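Below: the structure, in structure tokens.
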Amino acid sequence: MDRLTLRKSDVQPFLDSLSGDYRVCAPRQIGSSDFVFDDYQSGQEIPFDFVNTLIPPKNLFLQARETLFSIQGTTQPRILERAPEKPMALFGLRSCDASALVFLERFFGERGFEDETVTTRIRHSLRMVLACHTPGPSCFCVCCDGGPSLISGFDLQLTDLGEKLLVEVGSERGRAAVDQRPALFAPASEADHAEKLRQVSAVDQSFERRSYISEGMKRISLARIPDSFWDNCAADCQGCGGCCFVCPTCSCFSVSDQPDGQDYWRRDRWRDACLYEGFTREASGHNPRSRRAERVKRRFFHKLSYQYVETMGRHGCVGCGRCVTTCMGKLGIPDFLARVHDECK
Amino acid sequence: MSANSLYVPQLCPIERIRQETPDTRTYFLSACEIDWSRDYRPGQFVELSVFGVGEAPFCLSQSPTRADSLEVTIRKTGSVTNRLHDYQPGDVVGLRGPFGNCFPFERAQGKNLLFVGGGIGLPPLRALINYVLDHREDYGDVHVFYGARTPSDRVYKNELQTWSRSDQLKLTETVDQADPGWTGHVGVVTKLLRGLEVDPERTMAFTCGPPIMLKFVVAELLALKLAQRNIVTTLERYMKCGVGKCGHCCVGHHYICVDGPVYNFEQISFLPEIP
Ligand SMILES: Cc1cc2nc3c(=O)[nH]c(=O)nc-3n(C[C@H](O)[C@H](O)[C@H](O)COP(=O)(O)OP(=O)(O)OC[C@H]3O[C@@H](n4cnc5c(N)ncnc54)[C@H](O)[C@@H]3O)c2cc1C
Ligand code: SF4
Ligand code: SF4
Ligand code: FES
């Protein structure tokens with residue numbers, strides 16, 4: 001793998017130069033301690049010491065609400081398709097979120113139909129992953145093969161070496177981004193690489209190892225969990241769907257037509273959550289998942305069962321820990337799996 | 001093709017509408033712009049758009065061997081279907097498809113076929129029945145059972161009359177509540193199956209209807225010693241996309257819209273949540 005270095009003071013010029021070809025996005029601090037992924041404004045300060053953004057960069061690829069196409073008229077309609085988009089360059093996304101994008105690209109391409117809106121956005125994006133040196137209290141990517149650094153699934157991988165970043169090239173697209181800007185990049189030394197390896201092993205040590213995670217996944221896959229356990233979880237779940245909305249791999253959506261001015265409509269898709277009661281309610285009123293316990297069971301089966309590993313190549317959880325911070329009922333993935341360990345004997 | 005063509009429907013004018021029952025109509029959709037109009041398989045469905053409201057899934061209710069226009073038979077139940085009920089010939093709907101797997105019409109070759117439909121469960125079966133009639137020599141005896149609430153709730157009344165006189169198949173009808181002109185059976189459709197003479201090794205059954213009916217029909221068919229894998233139905237789930245993306249129809253790790261909607265009861269016994 002090619003290794004270079006980029007001075008931190010050259011990051012802004014680098015991003016400025018990318019903005020011709022790309023819509024450039026980067027994390028930005030809001031309030032005292034929160035970060036969001038947003039359009040990069042020239043000259044904006046780029047954070048390097050943050051755990052992760054509140055909302056995953058997934059939302060740039062599968063938006064909370066977006067228009068699939070517009071319609072003029074109803075019984076004699078005309079369809080107005082969307083204009084093509086500029087590809088995105090994401091600077092400073094975390095390993096877990098980059099792993100989630102690989103997962104989503106596969107998900108939206110599988111089962112005989114390709115959702116090109118999503119797959120094209122991901123495939124054409126320039127993903128510049130910032131490897132983690134200090135995991136947050138909720139992070140458990142090491143248990144889910146999601147991070148804290150990557151060996152594939154990025155265009156450029158950045159490791160913080162103080163004044164500069166080590167830049168590893170992971171794709172042709174990344175190669176081109178670097179090659180076109182020779183003045184900004186210098187070859188990396190053996191010492192730079194050694195420092196990265198030291199960091200990788202130090203970060204690895206800083207995670208708490210949790211053996212009950214794989215144990216719980218096995219129980220879920222084999223349906224070796226009593227119904228009473230799901231009832232207990234359902235009593236703590238508030239049904240808010242927060243865990244689904246903050247998750248970098250959750251992708252369920254709904255579709256409906258919205259009025260958009262005189263004689264115009266938009267067919268919008270908007271993110272939906274399997275924990276909502278209406279998610280499976282049929283037109284007859286019949287609801288195959290009418291009980292919250294059934295919906296909670298569904299969510300964890302989808303995230304953690306081997307059945308999905310078979311079709312998707314990995315678990316539906318990359319260990320970002322966002323659901324841990326979001327859930328008020330202590331049903332984030334590791335908390336939930338700890339309960340499986342303690343309560344399902 | 002545009003980037004999001006997966007969700008962009010083709011425009012399709014309604015050629016003709018036939019009122020089947022007070023709340024159910026069959027729409028004949030112009031097939032001229034639809035390149036797959038003879039290229040779908042019985043059991044498949046489409047996503048139909050009523051613009052300004054949204055989309056919903058409906059099975060293609062005619063056999064591809066007879067599809068001069070595409071047919072869907074639709075009952076009024078909610079927002080899309082209510083608005084559609086006001087549509088007239090010449091009005092334009094959107095169509096995406098054909099989606100889903102299909103009835104195992106090849107595995108059924110050489111077998112005697114039982115069809116058991118309840119109410120609005122006849123449309124998907126009718127696509128297969130007419131397909132079988134158009135490939136008559138490939139199949140054994142065909143016996144269609146149809147149950148409706150009242151005589152006026154029966155769909156395809158003319159076709160039922162044709163079938164009742166045909167020597168190509170046997171039709172047995174029943175209604176829950178008769179009216180003065182009704183000469184057929186009265187009572188639930190399961191009663192007609194009881195004690196039926198069948199060769200279980202050589203028989204396949206196809207059944208569609210309300211969940212409660214299915215439950216009793218399957219029990220009767222199992223009592224006739226049909227194997228679970230020779231009893232076939234279509235599963236209905238709330239569906240938004242039809243292409244395995246929106247997640248609504250997912251059961252276990254099956255996407256009913258892509259892996260289904262046609263399943264036999266052996267497969268169903270491995271699906272969670274489905275009784
Ligand atoms: C594979 C498949 C094949 C199918 N094939 C057929 C077929 O061939 N024929 C057929 O008729 N059906 C078929 N269905 C069922 C059909 O898809 C549903 O009837 C349809 O989705 C209803 O859509 P809708 O928008 O009209 O109802 P929705 O609006 O989605 O209705 C949902 C529920 O909400 C209620 N509701 C709707 N609007 C309101 C409101 N404003 N206020 C209060 N309550 C409201 C309705 O009464 C209903 O109970 C099929 C389903 C599947 C999955
Ligand atoms: S399930 Fe939770 S921890 Fe796993 S990827 Fe989703 S939000 Fe992150
Ligand atoms: S889960 Fe891992 S990759 Fe994601 S922010 Fe935490 S340490 Fe980094
Ligand atoms: S209907 Fe969207 S996944 Fe099946």
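Residue numbering restarts at 1 in every chain; chains get A, B, ... in the order shown in the structure tokens, and ligands count up from 1 in that same order.
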- Which protein, DNA or RNA residues have an atom within 9 Å of ligand 2, counting only C-alpha atoms and all ligand atoms, as number ranges by chain? A: 56, 96-97, 100, 138-141, 144, 146, 243-250, 300, 303-304, 315-326, 332-334
Writing out the chosen residues with C-alpha atoms as a JSON list (two decimals), in the first residue's frame:
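Listing of again_13.json after writing:
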```
[["chain", "number", "residue", "atom", "x", "y", "z"],
["A", 56, "PRO", "CA", -23.62, 8.99, 10.78],
["A", 96, "CYS", "CA", -17.08, 2.20, 11.67],
["A", 97, "ASP", "CA", -19.03, 4.54, 9.39],
["A", 100, "ALA", "CA", -21.20, 0.77, 7.18],
["A", 138, "SER", "CA", -19.65, 3.46, 23.81],
["A", 139, "CYS", "CA", -17.40, 2.29, 20.97],
["A", 140, "PHE", "CA", -17.05, -1.46, 20.40],
["A", 141, "CYS", "CA", -16.04, -1.68, 16.74],
["A", 144, "CYS", "CA", -17.85, -6.13, 15.20],
["A", 146, "GLY", "CA", -15.91, -2.24, 12.08],
["A", 243, "CYS", "CA", -31.58, 3.44, 17.53],
["A", 244, "CYS", "CA", -32.60, 2.90, 13.90],
["A", 245, "PHE", "CA", -32.20, 6.54, 12.93],
["A", 246, "VAL", "CA", -28.71, 6.96, 14.40],
["A", 247, "CYS", "CA", -27.47, 3.62, 13.09],
["A", 248, "PRO", "CA", -25.03, 3.81, 10.17],
["A", 249, "THR", "CA", -26.31, 0.52, 8.69],
["A", 250, "CYS", "CA", -30.09, 0.81, 9.23],
["A", 300, "PHE", "CA", -32.03, -7.55, 17.06],
["A", 303, "LYS", "CA", -28.77, -6.59, 13.33],
["A", 304, "LEU", "CA", -27.11, -9.63, 14.84],
["A", 315, "HIS", "CA", -23.25, -8.45, 10.76],
["A", 316, "GLY", "CA", -25.55, -5.48, 10.48],
["A", 317, "CYS", "CA", -23.75, -3.78, 13.37],
["A", 318, "VAL", "CA", -20.38, -2.09, 12.97],
["A", 319, "GLY", "CA", -20.04, -1.23, 16.66],
["A", 320, "CYS", "CA", -20.25, 2.55, 16.45],
["A", 321, "GLY", "CA", -22.07, 2.73, 19.78],
["A", 322, "ARG", "CA", -24.59, 5.37, 18.73],
["A", 323, "CYS", "CA", -27.57, 3.27, 19.79],
["A", 324, "VAL", "CA", -25.92, 2.93, 23.20],
["A", 325, "THR", "CA", -25.92, 6.70, 23.67],
["A", 326, "THR", "CA", -29.39, 7.11, 22.17],
["A", 332, "GLY", "CA", -27.99, -0.44, 22.87],
["A", 333, "ILE", "CA", -26.34, -3.44, 21.24],
["A", 334, "PRO", "CA", -23.67, -4.22, 23.90]]
```
Each chain A residue no farther than 9 Å from chain B, nearest pair in Å, only C-alpha atoms, as a Markdown table:
```
| residue | atom | partner | partner_atom | distance |
| --- | --- | --- | --- | --- |
| A:Leu68 | CA | B:Asn4 | CA | 6.8 |
| A:Phe69 | CA | B:Val8 | CA | 7.2 |
| A:Ile71 | CA | B:Phe51 | CA | 7.3 |
| A:Gln72 | CA | B:Phe51 | CA | 8.8 |
| A:Gly73 | CA | B:Phe51 | CA | 7.6 |
| A:Thr74 | CA | B:Phe51 | CA | 4.9 |
| A:Thr75 | CA | B:Asp91 | CA | 4.9 |
| A:Gln76 | CA | B:Val92 | CA | 5.6 |
| A:Pro77 | CA | B:Val92 | CA | 7.0 |
| A:Arg78 | CA | B:Leu11 | CA | 8.5 |
| A:Ile79 | CA | B:Val8 | CA | 8.2 |
| A:Glu81 | CA | B:Ser2 | CA | 7.6 |
| A:Arg82 | CA | B:Ser2 | CA | 8.1 |
| A:Ala83 | CA | B:Ser2 | CA | 8.8 |
| A:Pro84 | CA | B:Ala3 | CA | 7.5 |
| A:Phe107 | CA | B:Lys245 | CA | 7.8 |
| A:Phe108 | CA | B:Lys245 | CA | 6.5 |
| A:Glu110 | CA | B:Gly244 | CA | 8.1 |
| A:Arg111 | CA | B:Gly244 | CA | 6.5 |
| A:Gly112 | CA | B:Val243 | CA | 7.9 |
| A:Phe113 | CA | B:Val243 | CA | 6.2 |
| A:Glu114 | CA | B:Leu6 | CA | 7.3 |
| A:Asp115 | CA | B:Leu6 | CA | 6.2 |
| A:Glu116 | CA | B:Ala3 | CA | 5.3 |
| A:Thr117 | CA | B:Asn4 | CA | 5.2 |
| A:Val118 | CA | B:Asn4 | CA | 8.7 |
| A:Thr120 | CA | B:Ala3 | CA | 7.7 |
| A:Ser251 | CA | B:Cys246 | CA | 7.2 |
| A:Cys252 | CA | B:Cys246 | CA | 4.8 |
| A:Phe253 | CA | B:Cys246 | CA | 4.9 |
| A:Ser254 | CA | B:Lys240 | CA | 6.2 |
| A:Val255 | CA | B:Lys240 | CA | 6.5 |
| A:Ser256 | CA | B:Gly54 | CA | 5.1 |
| A:Asp257 | CA | B:Val53 | CA | 5.3 |
| A:Gln258 | CA | B:Gly52 | CA | 6.9 |
| A:Pro259 | CA | B:Gly52 | CA | 7.1 |
| A:Asp263 | CA | B:Gly52 | CA | 9.0 |
| A:Tyr264 | CA | B:Gly52 | CA | 8.1 |
| A:Trp265 | CA | B:Gly52 | CA | 5.9 |
| A:Arg266 | CA | B:Gly52 | CA | 8.0 |
| A:Arg267 | CA | B:Gly54 | CA | 7.5 |
| A:Arg271 | CA | B:Cys246 | CA | 8.9 |
| A:Asp272 | CA | B:Cys246 | CA | 8.5 |
| A:Cys274 | CA | B:His248 | CA | 7.6 |
| A:Phe279 | CA | B:His248 | CA | 6.4 |
| A:Thr280 | CA | B:Tyr238 | CA | 5.5 |
| A:Arg281 | CA | B:Tyr238 | CA | 6.4 |
| A:Glu282 | CA | B:Tyr238 | CA | 5.0 |
| A:Ala283 | CA | B:Thr77 | CA | 6.3 |
| A:Ser284 | CA | B:Thr77 | CA | 7.0 |
| A:Asn287 | CA | B:Tyr238 | CA | 8.9 |
| A:Pro288 | CA | B:Glu273 | CA | 7.0 |
| A:Arg289 | CA | B:Glu273 | CA | 7.9 |
| A:Glu294 | CA | B:Glu273 | CA | 8.5 |
| A:Arg298 | CA | B:Gly252 | CA | 7.8 |
| A:Phe301 | CA | B:Gly252 | CA | 7.7 |
| A:His302 | CA | B:His253 | CA | 7.5 |
| A:Gln307 | CA | B:His253 | CA | 6.4 |
| A:Tyr308 | CA | B:His253 | CA | 6.5 |
| A:Thr311 | CA | B:His253 | CA | 8.6 |
```
- Got a sec: who's within 6 Å of stretch 22-30 of chain B, counting only C-alpha atoms, leaving out chain neighbours fewer than 3 positions off, as a PyMOL selection string? chain B and resi 12-19+69-76
- Task: List every residue of stretch 233-302 of chain A that DSSP, applied to the backbone of this structure, places in alpha helix (DSSP H), and write the result as number ranges by chain.
- Result: A: 233-236, 242-246, 292-302
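Nearest residue to A:Met128 among A:Pro27, A:Leu222, A:Ser189, A:Thr67 is A:Pro27, counting only C-alpha atoms.
The residue set within 12 Å of A:Asp179, counting only C-alpha atoms and dropping same-chain residues fewer than 6 places from it, reads A:Asp2, A:Leu4, A:Val169, A:Glu172, A:Arg173, A:Phe185, A:Ala186, A:Pro187.
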Please produce an output containing N, CA and C atoms for each residue in the selection, written as a tab-separated table (two decimals), in the first residue's frame.
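Resulting contents of out-v7.tsv:
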```
chain	number	residue	atom	x	y	z
A	2	ASP	N	0.46	2.22	-0.81
A	2	ASP	CA	1.19	3.49	-0.84
A	2	ASP	C	1.00	4.27	0.45
A	4	LEU	N	1.86	8.06	2.30
A	4	LEU	CA	2.36	9.43	2.15
A	4	LEU	C	2.06	10.18	3.44
A	169	VAL	N	-3.14	4.92	0.79
A	169	VAL	CA	-3.99	4.93	-0.41
A	169	VAL	C	-4.67	3.57	-0.54
A	172	GLU	N	-8.04	3.31	-6.50
A	172	GLU	CA	-7.65	4.14	-7.65
A	172	GLU	C	-8.10	5.58	-7.47
A	173	ARG	N	-9.30	5.72	-6.93
A	173	ARG	CA	-9.83	7.07	-6.74
A	173	ARG	C	-8.95	7.84	-5.75
A	185	PHE	N	1.56	16.39	-0.87
A	185	PHE	CA	1.87	15.11	-0.24
A	185	PHE	C	3.36	14.80	-0.33
A	186	ALA	N	3.91	14.24	0.75
A	186	ALA	CA	5.30	13.81	0.76
A	186	ALA	C	5.34	12.32	1.05
A	187	PRO	N	6.37	11.61	0.61
A	187	PRO	CA	6.44	10.19	0.94
A	187	PRO	C	6.56	9.99	2.45
```
- Query: Which residues come within 12 Å of A:Pro148, counting only C-alpha atoms, excluding same-chain residues fewer than 6 positions away, as a PyMOL selection string?
  - Reply: chain A and resi 51-52+93-99+129-136+139-142+157-159+199-207+318-320
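When only C-alpha atoms are used to measure the gap to B:Arg96, the shortest distance among B:Leu221, B:Leu60, B:Val232, B:Leu192 belongs to B:Leu60.
The neighbours of A:Gln44 here are the residues that come within 12 Å of it, using only C-alpha atoms and leaving out any residue fewer than 4 positions away in the same chain; they are Val11, Gln12, Pro13, Leu15, Asp16, Val24, Cys25, Ala26, Pro27, Arg28, Gln29, Asp38, Asp39 and Tyr40 of chain A.
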